[in-house]
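*Asks:* My structure is stored as protein_29.pdb, with PDB, C-alpha atoms.
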ATOM      1  CA  MET A   1     -23.519  61.724   7.443
ATOM      2  CA  GLY A   2     -24.926  63.270   4.337
ATOM      3  CA  GLU A   3     -23.987  60.335   2.047
ATOM      4  CA  SER A   4     -26.737  58.642   0.090
ATOM      5  CA  PRO A   5     -27.252  54.822   0.447
ATOM      6  CA  ALA A   6     -26.017  54.335  -3.131
ATOM      7  CA  VAL A   7     -22.644  55.895  -2.374
ATOM      8  CA  GLN A   8     -22.331  53.773   0.796
ATOM      9  CA  THR A   9     -22.953  50.506  -1.118
ATOM     10  CA  MET A  10     -20.394  51.456  -3.676
ATOM     11  CA  ALA A  11     -17.845  52.183  -0.981
ATOM     12  CA  VAL A  12     -18.503  48.791   0.670
ATOM     13  CA  ARG A  13     -18.171  46.941  -2.590
ATOM     14  CA  THR A  14     -14.913  48.648  -3.298
ATOM     15  CA  LEU A  15     -13.583  47.588   0.097
ATOM     16  CA  GLN A  16     -14.584  43.991  -0.579
ATOM     17  CA  GLU A  17     -12.893  44.130  -3.921
ATOM     18  CA  ILE A  18      -9.745  45.512  -2.377
ATOM     19  CA  ASP A  19      -9.917  42.794   0.278
ATOM     20  CA  GLN A  20     -10.274  40.058  -2.325
ATOM     21  CA  GLU A  21      -7.444  41.510  -4.342
ATOM     22  CA  GLN A  22      -5.177  41.430  -1.306
ATOM     23  CA  VAL A  23      -6.121  37.829  -0.537
ATOM     24  CA  LEU A  24      -5.435  36.728  -4.088
ATOM     25  CA  THR A  25      -2.068  38.434  -4.262
ATOM     26  CA  SER A  26      -0.940  37.169  -0.847
ATOM     27  CA  ASP A  27       1.217  34.038  -0.900
ATOM     28  CA  TRP A  28      -1.317  31.683   0.680
ATOM     29  CA  GLY A  29      -4.557  33.282  -0.589
ATOM     30  CA  GLY A  30      -4.991  30.952  -3.543
ATOM     31  CA  GLY A  31      -4.172  33.420  -6.277
ATOM     32  CA  ARG A  32      -0.523  32.453  -6.439
ATOM     33  CA  SER A  33       1.682  29.392  -6.269
ATOM     34  CA  PRO A  34       3.059  29.558  -2.723
ATOM     35  CA  PHE A  35       5.898  27.126  -3.381
ATOM     36  CA  GLY A  36       6.882  28.632  -6.702
ATOM     37  CA  VAL A  37       7.210  25.241  -8.449
ATOM     38  CA  SER A  38       5.022  23.190 -10.778
ATOM     39  CA  TRP A  39       2.722  20.526  -9.353
ATOM     40  CA  ALA A  40       4.886  17.675 -10.667
ATOM     41  CA  LYS A  41       8.024  18.956  -8.987
ATOM     42  CA  PHE A  42       6.124  19.714  -5.799
ATOM     43  CA  MET A  43       4.656  16.205  -5.719
ATOM     44  CA  MET A  44       8.154  14.756  -6.077
ATOM     45  CA  TRP A  45       9.275  16.845  -3.095
ATOM     46  CA  ILE A  46       6.282  15.631  -1.053
ATOM     47  CA  PHE A  47       7.090  12.032  -2.018
ATOM     48  CA  LEU A  48      10.748  12.512  -1.066
ATOM     49  CA  ALA A  49       9.761  14.017   2.294
ATOM     50  CA  SER A  50       7.613  10.969   3.080
ATOM     51  CA  ASP A  51      10.253   8.575   1.756
ATOM     52  CA  ALA A  52      12.828  10.324   3.952
ATOM     53  CA  LEU A  53      10.611   9.575   6.946
ATOM     54  CA  THR A  54      10.486   5.889   5.965
ATOM     55  CA  PHE A  55      14.273   5.761   5.975
ATOM     56  CA  ALA A  56      14.379   7.821   9.179
ATOM     57  CA  GLY A  57      12.131   5.207  10.797
ATOM     58  CA  LEU A  58      14.382   2.360   9.652
ATOM     59  CA  LEU A  59      17.554   4.137  10.758
ATOM     60  CA  SER A  60      16.020   5.115  14.124
ATOM     61  CA  GLY A  61      15.101   1.468  14.639
ATOM     62  CA  TYR A  62      18.672   0.531  13.781
ATOM     63  CA  GLY A  63      20.025   3.124  16.218
ATOM     64  CA  VAL A  64      17.806   1.848  19.025
ATOM     65  CA  ALA A  65      18.699  -1.800  18.300
ATOM     66  CA  ARG A  66      22.376  -0.928  18.343
ATOM     67  CA  LEU A  67      22.306   1.200  21.499
ATOM     68  CA  HIS A  68      20.210  -1.504  23.157
ATOM     69  CA  SER A  69      22.610  -4.369  22.492
ATOM     70  CA  GLY A  70      25.892  -3.693  24.251
ATOM     71  CA  ASN A  71      28.183  -5.647  21.912
ATOM     72  CA  TRP A  72      27.658  -4.724  18.267
ATOM     73  CA  PRO A  73      29.972  -6.568  15.828
ATOM     74  CA  ARG A  74      32.834  -4.500  14.369
ATOM     75  CA  GLN A  75      31.701  -3.738  10.811
ATOM     76  CA  GLY A  76      35.240  -2.806   9.755
ATOM     77  CA  GLU A  77      36.334  -6.430  10.241
ATOM     78  CA  ILE A  78      33.295  -7.904   8.454
ATOM     79  CA  PHE A  79      32.835  -5.597   5.458
ATOM     80  CA  ASN A  80      35.541  -4.466   3.104
ATOM     81  CA  LEU A  81      35.531  -0.727   3.800
ATOM     82  CA  TRP A  82      37.290   0.020   0.514
ATOM     83  CA  VAL A  83      34.529  -1.641  -1.485
ATOM     84  CA  VAL A  84      31.941   0.430   0.397
ATOM     85  CA  ALA A  85      33.993   3.620  -0.038
ATOM     86  CA  THR A  86      34.167   2.899  -3.785
ATOM     87  CA  MET A  87      30.373   2.410  -3.858
ATOM     88  CA  THR A  88      30.019   5.804  -2.156
ATOM     89  CA  PHE A  89      32.427   7.342  -4.663
ATOM     90  CA  ILE A  90      30.458   5.896  -7.599
ATOM     91  CA  LEU A  91      27.134   7.147  -6.226
ATOM     92  CA  ILE A  92      28.496  10.676  -5.654
ATOM     93  CA  CYS A  93      29.887  10.705  -9.215
ATOM     94  CA  SER A  94      26.546   9.518 -10.618
ATOM     95  CA  SER A  95      24.819  12.315  -8.686
ATOM     96  CA  ALA A  96      27.216  14.802 -10.284
ATOM     97  CA  THR A  97      26.549  13.450 -13.789
ATOM     98  CA  MET A  98      22.808  13.612 -13.035
ATOM     99  CA  ALA A  99      23.171  17.298 -12.117
ATOM    100  CA  MET A 100      25.065  17.802 -15.400
ATOM    101  CA  ALA A 101      22.241  16.062 -17.296
ATOM    102  CA  VAL A 102      19.728  18.476 -15.737
ATOM    103  CA  GLY A 103      21.980  21.420 -16.645
ATOM    104  CA  SER A 104      22.282  20.191 -20.246
ATOM    105  CA  ALA A 105      18.531  19.599 -20.565
ATOM    106  CA  ARG A 106      17.868  23.133 -19.330
ATOM    107  CA  ARG A 107      20.184  24.511 -21.988
ATOM    108  CA  GLY A 108      18.348  22.486 -24.604
ATOM    109  CA  ASP A 109      21.427  20.352 -25.346
ATOM    110  CA  ARG A 110      19.672  17.015 -25.813
ATOM    111  CA  ALA A 111      22.750  15.025 -26.894
ATOM    112  CA  ALA A 112      24.686  16.056 -23.783
ATOM    113  CA  ALA A 113      21.669  15.360 -21.547
ATOM    114  CA  VAL A 114      21.359  11.823 -22.965
ATOM    115  CA  ARG A 115      25.110  11.252 -22.531
ATOM    116  CA  PHE A 116      25.077  12.360 -18.892
ATOM    117  CA  LEU A 117      21.908  10.350 -18.217
ATOM    118  CA  ALA A 118      23.602   7.243 -19.650
ATOM    119  CA  LEU A 119      26.633   7.845 -17.392
ATOM    120  CA  THR A 120      24.302   8.193 -14.392
ATOM    121  CA  ILE A 121      22.595   4.889 -15.234
ATOM    122  CA  LEU A 122      26.025   3.256 -15.604
ATOM    123  CA  GLY A 123      26.954   4.554 -12.138
ATOM    124  CA  GLY A 124      23.731   3.178 -10.681
ATOM    125  CA  LEU A 125      24.332  -0.227 -12.266
ATOM    126  CA  SER A 126      27.929  -0.395 -10.975
ATOM    127  CA  PHE A 127      26.686   0.506  -7.509
ATOM    128  CA  LEU A 128      24.101  -2.301  -7.673
ATOM    129  CA  GLY A 129      26.739  -4.745  -8.923
ATOM    130  CA  MET A 130      29.042  -3.954  -6.014
ATOM    131  CA  GLN A 131      26.163  -4.222  -3.568
ATOM    132  CA  ALA A 132      25.307  -7.658  -4.976
ATOM    133  CA  TYR A 133      28.974  -8.637  -4.492
ATOM    134  CA  GLU A 134      28.899  -7.373  -0.917
ATOM    135  CA  TRP A 135      25.640  -9.187  -0.088
ATOM    136  CA  THR A 136      27.027 -12.407  -1.619
ATOM    137  CA  ASN A 137      30.145 -12.240   0.573
ATOM    138  CA  PHE A 138      28.077 -11.431   3.649
ATOM    139  CA  ILE A 139      25.727 -14.357   2.997
ATOM    140  CA  LEU A 140      28.650 -16.720   2.304
ATOM    141  CA  GLU A 141      30.068 -15.762   5.698
ATOM    142  CA  GLY A 142      26.848 -17.122   7.213
ATOM    143  CA  ALA A 143      24.730 -13.981   7.598
ATOM    144  CA  ARG A 144      20.963 -14.488   7.264
ATOM    145  CA  LEU A 145      18.008 -12.202   7.887
ATOM    146  CA  THR A 146      17.389 -13.606  11.381
ATOM    147  CA  THR A 147      20.740 -15.188  12.311
ATOM    148  CA  ASN A 148      24.442 -14.571  11.837
ATOM    149  CA  PRO A 149      27.724 -15.931  13.246
ATOM    150  CA  TRP A 150      28.496 -12.767  15.229
ATOM    151  CA  GLY A 151      25.906 -13.373  17.931
ATOM    152  CA  VAL A 152      23.721 -10.277  17.425
ATOM    153  CA  PRO A 153      20.782 -11.304  15.173
ATOM    154  CA  LEU A 154      19.688  -7.675  14.679
ATOM    155  CA  PHE A 155      23.083  -6.872  13.133
ATOM    156  CA  SER A 156      22.358  -8.759   9.906
ATOM    157  CA  ALA A 157      18.592  -8.079  10.092
ATOM    158  CA  THR A 158      19.020  -4.284  10.097
ATOM    159  CA  PHE A 159      21.790  -4.538   7.497
ATOM    160  CA  PHE A 160      19.714  -6.549   5.017
ATOM    161  CA  VAL A 161      16.545  -4.499   5.520
ATOM    162  CA  ILE A 162      18.164  -1.054   5.296
ATOM    163  CA  THR A 163      20.672  -1.694   2.488
ATOM    164  CA  GLY A 164      18.039  -3.787   0.691
ATOM    165  CA  PHE A 165      15.506  -0.984   0.907
ATOM    166  CA  HIS A 166      18.094   1.473  -0.400
ATOM    167  CA  GLY A 167      19.164  -0.948  -3.159
ATOM    168  CA  GLY A 168      15.500  -1.192  -4.170
ATOM    169  CA  HIS A 169      15.451   2.582  -4.471
ATOM    170  CA  VAL A 170      18.574   2.523  -6.649
ATOM    171  CA  THR A 171      16.989  -0.171  -8.842
ATOM    172  CA  SER A 172      13.793   1.818  -9.343
ATOM    173  CA  GLY A 173      15.952   4.901  -9.925
ATOM    174  CA  VAL A 174      17.847   3.126 -12.705
ATOM    175  CA  LEU A 175      14.537   2.075 -14.320
ATOM    176  CA  TYR A 176      13.153   5.616 -13.932
ATOM    177  CA  LEU A 177      16.255   7.151 -15.539
ATOM    178  CA  LEU A 178      16.160   4.531 -18.289
ATOM    179  CA  GLY A 179      12.619   5.678 -19.074
ATOM    180  CA  VAL A 180      13.662   9.344 -19.085
ATOM    181  CA  THR A 181      16.657   8.569 -21.334
ATOM    182  CA  ILE A 182      14.536   6.646 -23.849
ATOM    183  CA  ARG A 183      12.039   9.518 -23.924
ATOM    184  CA  ALA A 184      14.884  12.004 -24.389
ATOM    185  CA  LEU A 185      16.275   9.916 -27.275
ATOM    186  CA  ARG A 186      12.860  10.072 -28.939
ATOM    187  CA  GLY A 187      12.717  13.805 -28.310
ATOM    188  CA  ARG A 188       9.689  13.482 -26.050
ATOM    189  CA  TYR A 189      11.084  14.984 -22.879
ATOM    190  CA  SER A 190      11.149  18.250 -20.958
ATOM    191  CA  ALA A 191      13.941  19.821 -18.960
ATOM    192  CA  GLU A 192      11.679  19.712 -15.932
ATOM    193  CA  GLY A 193      11.036  16.007 -16.396
ATOM    194  CA  VAL A 194      14.776  15.397 -16.261
ATOM    195  CA  GLU A 195      15.051  17.673 -13.219
ATOM    196  CA  ILE A 196      12.335  15.781 -11.314
ATOM    197  CA  ALA A 197      14.033  12.455 -12.068
ATOM    198  CA  GLY A 198      17.231  14.127 -10.838
ATOM    199  CA  LEU A 199      15.586  15.054  -7.541
ATOM    200  CA  TYR A 200      14.804  11.375  -6.952
ATOM    201  CA  TRP A 201      18.318  10.281  -7.890
ATOM    202  CA  HIS A 202      19.990  12.852  -5.611
ATOM    203  CA  PHE A 203      17.697  11.761  -2.795
ATOM    204  CA  VAL A 204      18.921   8.160  -3.187
ATOM    205  CA  ASP A 205      22.496   9.476  -2.925
ATOM    206  CA  LEU A 206      21.512  11.573   0.101
ATOM    207  CA  VAL A 207      20.094   8.535   1.913
ATOM    208  CA  TRP A 208      23.258   6.575   1.142
ATOM    209  CA  VAL A 209      25.292   9.274   2.938
ATOM    210  CA  PHE A 210      23.438   8.379   6.151
ATOM    211  CA  ILE A 211      23.606   4.610   5.530
ATOM    212  CA  PHE A 212      27.336   4.750   4.752
ATOM    213  CA  THR A 213      27.991   6.755   7.921
ATOM    214  CA  LEU A 214      25.686   4.924  10.340
ATOM    215  CA  LEU A 215      25.945   1.308   9.131
ATOM    216  CA  TYR A 216      29.574   1.096   8.022
ATOM    217  CA  LEU A 217      31.681   3.843   9.592
ATOM    218  CA  ILE A 218      30.378   4.380  13.134
TER     219      ILE A 218
ATOM    220  CA  MET B   1      22.088  33.449  -7.527
ATOM    221  CA  GLU B   2      19.777  32.744 -10.457
ATOM    222  CA  GLY B   3      22.786  32.335 -12.703
ATOM    223  CA  ALA B   4      24.320  29.763 -10.380
ATOM    224  CA  GLY B   5      21.064  27.828 -10.206
ATOM    225  CA  HIS B   6      20.401  27.624 -13.930
ATOM    226  CA  GLY B   7      23.084  26.262 -16.179
ATOM    227  CA  GLY B   8      26.759  26.431 -15.429
ATOM    228  CA  TYR B   9      28.515  23.186 -14.613
ATOM    229  CA  LYS B  10      31.064  24.848 -12.312
ATOM    230  CA  ILE B  11      28.849  24.720  -9.230
ATOM    231  CA  TYR B  12      28.161  20.992  -9.790
ATOM    232  CA  ILE B  13      31.843  20.162 -10.192
ATOM    233  CA  LEU B  14      32.650  22.168  -7.057
ATOM    234  CA  THR B  15      29.913  20.343  -5.098
ATOM    235  CA  TRP B  16      31.160  16.986  -6.414
ATOM    236  CA  PHE B  17      34.735  17.873  -5.389
ATOM    237  CA  TRP B  18      33.773  18.801  -1.812
ATOM    238  CA  LEU B  19      31.589  15.704  -1.456
ATOM    239  CA  LEU B  20      34.602  13.569  -2.348
ATOM    240  CA  VAL B  21      36.871  15.505   0.033
ATOM    241  CA  ILE B  22      34.428  15.003   2.918
ATOM    242  CA  THR B  23      34.043  11.291   2.050
ATOM    243  CA  ALA B  24      37.840  10.861   2.098
ATOM    244  CA  LEU B  25      37.887  12.666   5.463
ATOM    245  CA  GLU B  26      35.181  10.318   6.807
ATOM    246  CA  VAL B  27      37.088   7.198   5.764
ATOM    247  CA  SER B  28      40.378   8.516   7.220
ATOM    248  CA  ILE B  29      38.651   9.350  10.531
ATOM    249  CA  THR B  30      37.738   5.666  10.956
ATOM    250  CA  LEU B  31      41.412   4.731  10.503
ATOM    251  CA  VAL B  32      42.558   7.056  13.315
ATOM    252  CA  HIS B  33      42.234   5.830  16.881
ATOM    253  CA  MET B  34      39.988   8.093  18.972
ATOM    254  CA  PRO B  35      37.191   7.877  21.581
ATOM    255  CA  LYS B  36      34.022   6.275  20.171
ATOM    256  CA  MET B  37      31.749   9.208  21.038
ATOM    257  CA  LEU B  38      34.072  11.763  19.452
ATOM    258  CA  MET B  39      34.347   9.675  16.292
ATOM    259  CA  ALA B  40      30.566   9.213  16.054
ATOM    260  CA  SER B  41      29.867  12.936  16.498
ATOM    261  CA  LEU B  42      32.527  13.902  13.946
ATOM    262  CA  LEU B  43      31.150  11.410  11.403
ATOM    263  CA  ILE B  44      27.553  12.573  11.886
ATOM    264  CA  LEU B  45      28.648  16.200  11.515
ATOM    265  CA  LEU B  46      30.446  15.382   8.242
ATOM    266  CA  ALA B  47      27.433  13.384   7.013
ATOM    267  CA  LEU B  48      25.142  16.360   7.690
ATOM    268  CA  MET B  49      27.538  18.598   5.751
ATOM    269  CA  LYS B  50      27.367  16.216   2.768
ATOM    270  CA  VAL B  51      23.576  16.043   2.931
ATOM    271  CA  ALA B  52      23.378  19.853   3.041
ATOM    272  CA  LEU B  53      25.648  20.107  -0.021
ATOM    273  CA  ILE B  54      23.577  17.581  -2.009
ATOM    274  CA  ALA B  55      20.246  19.180  -1.085
ATOM    275  CA  ALA B  56      21.400  22.766  -1.608
ATOM    276  CA  TYR B  57      23.256  22.445  -4.918
ATOM    277  CA  PHE B  58      22.405  19.125  -6.610
ATOM    278  CA  MET B  59      18.726  19.398  -5.672
ATOM    279  CA  HIS B  60      18.731  23.215  -6.115
ATOM    280  CA  LEU B  61      17.076  23.760  -2.760
ATOM    281  CA  ARG B  62      19.227  26.845  -2.238
ATOM    282  CA  PHE B  63      17.579  28.460  -5.256
ATOM    283  CA  GLU B  64      13.989  27.548  -4.362
ATOM    284  CA  ARG B  65      11.479  29.473  -2.256
ATOM    285  CA  LEU B  66      11.822  29.257   1.496
ATOM    286  CA  SER B  67       8.391  27.581   1.716
ATOM    287  CA  LEU B  68       9.692  24.622  -0.342
ATOM    288  CA  VAL B  69      12.787  24.421   1.858
ATOM    289  CA  TYR B  70      10.457  24.080   4.852
ATOM    290  CA  VAL B  71       8.583  21.239   3.103
ATOM    291  CA  ALA B  72      11.857  19.365   2.748
ATOM    292  CA  VAL B  73      13.366  20.139   6.153
ATOM    293  CA  THR B  74      10.397  19.968   8.565
ATOM    294  CA  PRO B  75       9.949  16.152   8.336
ATOM    295  CA  LEU B  76      13.639  15.722   9.156
ATOM    296  CA  VAL B  77      13.166  17.706  12.378
ATOM    297  CA  PHE B  78      10.387  15.284  13.346
ATOM    298  CA  ALA B  79      12.635  12.356  12.399
ATOM    299  CA  ALA B  80      15.334  13.691  14.747
ATOM    300  CA  ILE B  81      12.730  14.043  17.521
ATOM    301  CA  LEU B  82      11.628  10.428  16.873
ATOM    302  CA  PHE B  83      15.181   9.175  17.259
ATOM    303  CA  PHE B  84      16.068  11.202  20.361
ATOM    304  CA  ALA B  85      12.771  10.222  21.994
ATOM    305  CA  LEU B  86      13.740   6.562  21.607
ATOM    306  CA  VAL B  87      17.321   6.875  22.879
ATOM    307  CA  PRO B  88      16.492   6.896  26.633
ATOM    308  CA  ASP B  89      14.522   3.641  26.286
ATOM    309  CA  ALA B  90      17.256   2.008  24.250
ATOM    310  CA  THR B  91      19.984   2.809  26.746
ATOM    311  CA  ARG B  92      17.924   2.111  29.893
ATOM    312  CA  LEU B  93      16.386  -1.271  29.050
ATOM    313  CA  PRO B  94      19.591  -3.398  29.116
ATOM    314  CA  GLY B  95      20.037  -2.464  32.785
ATOM    315  CA  LEU B  96      16.512  -3.640  33.571
ATOM    316  CA  ARG B  97      16.945  -7.136  32.180
TER     317      ARG B  97
END
Represent the structure from my file as structure tokens, please.
*Replies:*
Amino acid sequence: MGESPAVQTMAVRTLQEIDQEQVLTSDWGGGRSPFGVSWAKFMMWIFLASDALTFAGLLSGYGVARLHSGNWPRQGEIFNLWVVATMTFILICSSATMAMAVGSARRGDRAAAVRFLALTILGGLSFLGMQAYEWTNFILEGARLTTNPWGVPLFSATFFVITGFHGGHVTSGVLYLLGVTIRALRGRYSAEGVEIAGLYWHFVDLVWVFIFTLLYLI
Amino acid sequence: MEGAGHGGYKIYILTWFWLLVITALEVSITLVHMPKMLMASLLILLALMKVALIAAYFMHLRFERLSLVYVAVTPLVFAAILFFALVPDATRLPGLR
């Protein structure tokens, strides 16, 4: 009651300051990084989330096409399951070597990082080689994008589109890793740069898990 | 937790090992004769386990903030909704032709 206007203004200002301080220190107030990662890594995660939705769309389309047509060809009799299992094995191993490359880069062991990156690229190239072999066999058996000898046109259409889209991702992954490796050889690289490339590579492996299960096994 | 996320190859080798074990399990399931629905559900369950392993340990999602985990997982929930919304149409239309 007895406070002077000057004291009141000061009290108000202090409250505003306290308020602003609380906003800035809260997670979403703008004063902090709510995701706790750098912008580059966050952008890669955003890209992967959207890319995952692209693959989810393709695989949902495949699921609908397959449920819709009563007689889907038996993939086990058309594809060599052992070749596909080996491709899966190679991709999992390349993901492991990629994780090792990230670990080495974080420790500052450049030589080991380059070695593991080279192994990862080798794994990616072997995967692509085996996929080319598989596509060649499939095409020689008469499969085309819109027709195939097994009577369900969507069988080869979904196969070519989905595995082709994934193969494209592996190809760009190999080029991406090649770039990172060359930079690492020249000493112009950061551990985080390797880690972000790793995120992309693991994502390609992650998508293959679904493709392997849904297109070949089920 | 921090120690497991930064450096240390052991966690990667362990993840790699379990991924291979699950893959071998998946391939052997297709060789065993069993009802189609049971096989499909088992295979999808194993695939989800593999995906969780890759995301959590290879992609370090287990050692990131929960908000980043939400960024990665939320779209997949919508993807699942997309698929399950389409299933009734896919299974009903053949009977209408």
*Asks:* What residues in chain A lie within 6 Å of chain B, counting all atoms listed in the file, written as number ranges by chain?
*Replies:* A: 35, 49, 56, 60, 64, 67-68, 96, 99, 103, 199, 206, 218
*Asks:* Excluding stretch 109-116 of chain A and residues on its chain fewer than 6 positions from it, collect all residues at most 12 Å away from it, counting all atoms listed in the file, and give them as a ChimeraX atom specification.
*Replies:* /A:93-103,122-123,177-191,193-195,198 /B:7
*Asks:* Tell me, in Å to one decimal, how far atom CA of A:Ile90 is from atom CA of A:Leu175.
*Replies:*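 Going from atom CA of A:Ile90 over to atom CA of A:Leu175 covers 17.7 Å.
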*Asks:* Box in all listed atoms of stretch 16-30 of chain B, axis-aligned, with 4 Å more on each side; write out centre and edge lengths in Å to one decimal as JSON.
*Replies:*
{"center_x": 35.8, "center_y": 12.2, "center_z": 2.3, "size_x": 17.2, "size_y": 21.1, "size_z": 25.4}
*Asks:* Can you spell out as a list of chain:residue names the set of residues that the PyMOL selection byres ((chain A and resi 138) around 12) selects in the structure I just provided?
*Replies:*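 On this input, the PyMOL selection byres ((chain A and resi 138) around 12) captures A:Gln75, A:Glu77, A:Ile78, A:Phe79, A:Asn80, A:Gln131, A:Ala132, A:Tyr133, A:Glu134, A:Trp135, A:Thr136, A:Asn137, A:Ile139, A:Leu140, A:Glu141, A:Gly142, A:Ala143, A:Arg144, A:Leu145, A:Thr147, A:Asn148, A:Pro149, A:Trp150, A:Phe155, A:Ser156, A:Ala157, A:Phe159, A:Phe160.
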*Asks:* What is the distance between atom CA of B:Ser28 and atom CA of A:Val83, in Å to one decimal?
*Replies:*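 Spanning atom CA of B:Ser28 to atom CA of A:Val83 is a straight-line distance of 14.6 Å.
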